[in-house]
Amino acid sequence: MKRILMTGNDGIGKGAVDAGCDCYFGYPITPQNELTAYMSLHMPMNDRVFIQAESEIAAVNMVYGASAAGKRTMTSSSSPGLSLKLEGISYMAGSELPAVIVNVQRGGPGLGNIAPSQADYFQAVKGGGHGDYNSIVLAPNSVQEMYDLTVLAFDLADKYRMPVMVLSDGRIGQMMEPMTVKENYKPTLIDKPWALNGCKGRKPNKVWSLKLGDGELEEHNIKLQAKYKEIKNQEVLFDEYMIDDCDTLLVAYGTSARIARGAIDIARKKGQKVGLLRPITLWPFPKDKIEELSTKVNKIITIEMSAGQMLEDVQLAVKGQCPVEFVGRMGGAIPTEQSIIEKI
Amino acid sequence: MTKTLYKRPEALTDARTHYCPGCGHGIAHKLIAEVIDELGIREKTVAIAPVGCAVLAYNYWNFDCSEAAHGRASAVATGIKRALPEKFVFAYQGDGDLAAIGTAETIHTANRGENICIIFVNNTVYGMTGGQMAPTTMIGQKTATSPKGRDYHTMGPPIKVCELLNTLEKPYYIERVSLDSPASIRKTKKAIKTAFEAQLAGKGYSFVEILSPCPTYQHTTPIGAMDFVKGPMQEVFPVKLFRKDGGKINE
Ligand SMILES: Cc1ncc(C[n+]2csc(CCOP(=O)(O)OP(=O)(O)O)c2C)c(N)n1
Ligand code: SF4
């Protein structure tokens with residue numbers, strides 16, 4: 001264990017290198033540029049592959065290739081770039097290829113701005129690209145988690161053979177914090193008998209998502225949905241803060257969750273019983289936990305840097321058992337502790 | 001005593017192809033398979049099939065194959081080759097795939113000089129989607145989306161990909177060949193072999209354009225399509241060696 005000071009974007013890069021990422025493909029976009037720069041230095045330094053691709057589309061399709069070849073691979077971008085990567089993400093979901101995709105979100109829609117945002121939630125957790133698919137979505141709220149969840153993302157991607165997204169924002173990406181890194185960490189790599197590496201001593205392997213046979217595509221989708229169900233049962237992660245006695249529950253992730261914690265500390269000093277549930281996996285969503293809590297609290301407040309996207313998933317989990325309120329800002333604006341306290 | 005004069009290459013499966021009678025894809029697949037057998041590289045080959053009529057090529061080749069999204073074969077090939085530099089990697093693409101939606105990937109992969117081979121099948125149309133205009137459709141050529149013929153003023157002239165790539169510094173080998181006769185088919189096989197050997201020797205990017213019959217959407221018979229490839233097509237796309245051993249061939 002070693003303590004170091006890093007930005008969140010570098011934390012992701014260090015996490016990827018430590019997790020044994022063999023190939024990284026990127027394209028510059030603010031506010032994730034530090035990450036591409038980090039990889040351009042550290043991947044070659046560790047005898048790994050780095051390419052600055054001609055576009056996000058090329059980058060994600062290089063990821064497709066490296067993944068099909070059986071390697072650990074990652075790409076990163078920010079919101080407009082993620083829109084372009086959706087083609088490749090859908091293909092990887094269909095072809096069952098593991099990969100790590102990082103989105104350091106900025107304000108939208110369109111070119112928007114370069115301020116931190118959480119407005120790509122729907123795109124990340126509802127599939128995003130074409131077809132019936134999901135990606136596992138991990139939401140770090142500190143530089144430490146940028147590192148830890150990136151390492152976890154590689155393991156989950158390999159385990160389930162699917163894209164895993166690290167959904168962050170420009171604030172966590174660019175802030176600096178001390179964090180603990182793994183020393184001499186050896187990732188546990190699993191066999192990939194399906195990988196394309198030459199058919200020596202075996203039948204040829206094929207990686208593809210086209211299923212033209214009668215009923216073949218539906219069967220494939222049924223298989224994918226069974227995998228998603230298992231993930232929903234096995235992989236939900238969340239963090240709790242002062243929820244044991246709370247009568248008002250805040251639900252927030254990433255940067256919003258940091259602000260929510262600040263608001264709770266102020267409210268608690270005034271004797272208000274407020275707690276926080278912070279989803280770490282946005283997909284699968286901790287809906288059972290939220291449903292359980294909704295029967296114990298007087299109200300829930302969802303806090304987001306968006307028009308209210310996760311809000312819909314919270315409402316679905318609560319099933320009308322308590323009121324659900326919302327505090328949010330859009331277009332790269334960040335909610336204040338004060339605005340949360342007023343709602344409490 | 002019987003003597004075997006020809007048998008199916010090991011690198012080809014016995015699946016029946018879905019191609020129309022007289023289609024060039026089947027010939028090109030077979031030539032590739034023969035070269036792979038001759039070079040003894042079947043077990044170290046990873047191919048990338050396009051989105052186009054050859055989308056099912058992975059069913060016809062008896063070695064590891066990947067699909068790629070429409071136009072992205074060069075990027076997928078780059079990812080595989082960089083991940084496994086000791087393997088043999090080639091992508092097979094049609095003209096819509098390579099020269100319309102995949103233009104950026106094509107040019108940048110060539111410009112990086114990736115040590116891969118691209119087999120580019122130019123039949124002047126989008127076959128798979130029903131014979132629409134391709135970037136290589138010729139002036140005056142009628143297609144589903146240029147019903148009055150390709151118009152120079154509003155649609156621009158056909159793109160000549162070999163000529164375009166030949167402006168870049170890094171490609172090692174670029175040649176345009178054709179499938180219009182037994183002799184030209186033999187030359188095509190030689191070009192494929194030259195490209196594959198270049199990669200095996202670590203020389204870098206090779207590009208073979210194959211002018212190919214598509215009777216269905218060149219709107220003619222199989223024989224007529226051979227004539228189309230030999231005549232009008234070669235007036236626009238001259239069969240030619242553009243670059244060899246990393247150096248441009250003198251004009
Ligand atoms: C993103 C996307 N756009 C469009 C298509 C539809 N599409 C499939 S094949 C094709 C064109 C194929 O033409 P070409 O590359 O010339 O190959 P050919 O069929 O002639 O061999 C198109 C437009 C698609 N599959 N994906
Ligand atoms: S449409 Fe043209 S390219 Fe496609 S299979 Fe038929 S002949 Fe071949």
# chains A, B, ... in the order shown; residues from 1 in each chain; ligands from 1
>>> closest_atom_pairs(of="chain B", to="ligand 1", cutoff="7 Å", atoms="only C-alpha atoms and all ligand atoms", output="JSON lines")
{"residue": "B:Val51", "atom": "CA", "partner": "ligand 1", "partner_atom_place_in_ligand_line": "9 (S)", "distance": 4.9}
{"residue": "B:Gly52", "atom": "CA", "partner": "ligand 1", "partner_atom_place_in_ligand_line": "19 (O)", "distance": 3.6}
{"residue": "B:Cys53", "atom": "CA", "partner": "ligand 1", "partner_atom_place_in_ligand_line": "19 (O)", "distance": 3.7}
{"residue": "B:Ala54", "atom": "CA", "partner": "ligand 1", "partner_atom_place_in_ligand_line": "21 (O)", "distance": 5.7}
{"residue": "B:Ala69", "atom": "CA", "partner": "ligand 1", "partner_atom_place_in_ligand_line": "26 (N)", "distance": 6.8}
{"residue": "B:His70", "atom": "CA", "partner": "ligand 1", "partner_atom_place_in_ligand_line": "26 (N)", "distance": 4.9}
{"residue": "B:Gln93", "atom": "CA", "partner": "ligand 1", "partner_atom_place_in_ligand_line": "15 (O)", "distance": 6.2}
{"residue": "B:Gly94", "atom": "CA", "partner": "ligand 1", "partner_atom_place_in_ligand_line": "15 (O)", "distance": 3.5}
{"residue": "B:Asp95", "atom": "CA", "partner": "ligand 1", "partner_atom_place_in_ligand_line": "16 (O)", "distance": 4.0}
{"residue": "B:Gly96", "atom": "CA", "partner": "ligand 1", "partner_atom_place_in_ligand_line": "15 (O)", "distance": 3.4}
{"residue": "B:Asp97", "atom": "CA", "partner": "ligand 1", "partner_atom_place_in_ligand_line": "15 (O)", "distance": 3.7}
{"residue": "B:Leu98", "atom": "CA", "partner": "ligand 1", "partner_atom_place_in_ligand_line": "15 (O)", "distance": 6.4}
{"residue": "B:Val121", "atom": "CA", "partner": "ligand 1", "partner_atom_place_in_ligand_line": "21 (O)", "distance": 7.0}
{"residue": "B:Asn122", "atom": "CA", "partner": "ligand 1", "partner_atom_place_in_ligand_line": "16 (O)", "distance": 6.9}
{"residue": "B:Asn123", "atom": "CA", "partner": "ligand 1", "partner_atom_place_in_ligand_line": "20 (O)", "distance": 6.1}
{"residue": "B:Thr124", "atom": "CA", "partner": "ligand 1", "partner_atom_place_in_ligand_line": "16 (O)", "distance": 6.9}
{"residue": "B:Val125", "atom": "CA", "partner": "ligand 1", "partner_atom_place_in_ligand_line": "20 (O)", "distance": 5.2}
{"residue": "B:Tyr126", "atom": "CA", "partner": "ligand 1", "partner_atom_place_in_ligand_line": "13 (O)", "distance": 3.5}
{"residue": "B:Gly127", "atom": "CA", "partner": "ligand 1", "partner_atom_place_in_ligand_line": "19 (O)", "distance": 3.5}
{"residue": "B:Met128", "atom": "CA", "partner": "ligand 1", "partner_atom_place_in_ligand_line": "19 (O)", "distance": 3.9}
{"residue": "B:Thr129", "atom": "CA", "partner": "ligand 1", "partner_atom_place_in_ligand_line": "10 (C)", "distance": 5.4}
{"residue": "B:Ala134", "atom": "CA", "partner": "ligand 1", "partner_atom_place_in_ligand_line": "16 (O)", "distance": 6.2}
>>> residues_near_ligand(ligand="ligand 2", cutoff="6 Å", atoms="only C-alpha atoms and all ligand atoms", output="PyMOL selection string")
chain B and resi 19-20+23+53+127-128+214-217
>>> closest_residue(among="B:Glu169, B:Asp64, B:Glu163, B:Glu114", to="Lys203 of chain A", atoms="only C-alpha atoms")
B:Asp64
>>> atom_distance(atom1="atom CA of Gly40 of chain B", atom2="atom CA of Gly198 of chain A")
12.2 Å
>>> closest_residue(among="B:Arg186, B:His153, B:Lys87, B:His219", to="Leu200 of chain B", atoms="only C-alpha atoms")
B:Lys87
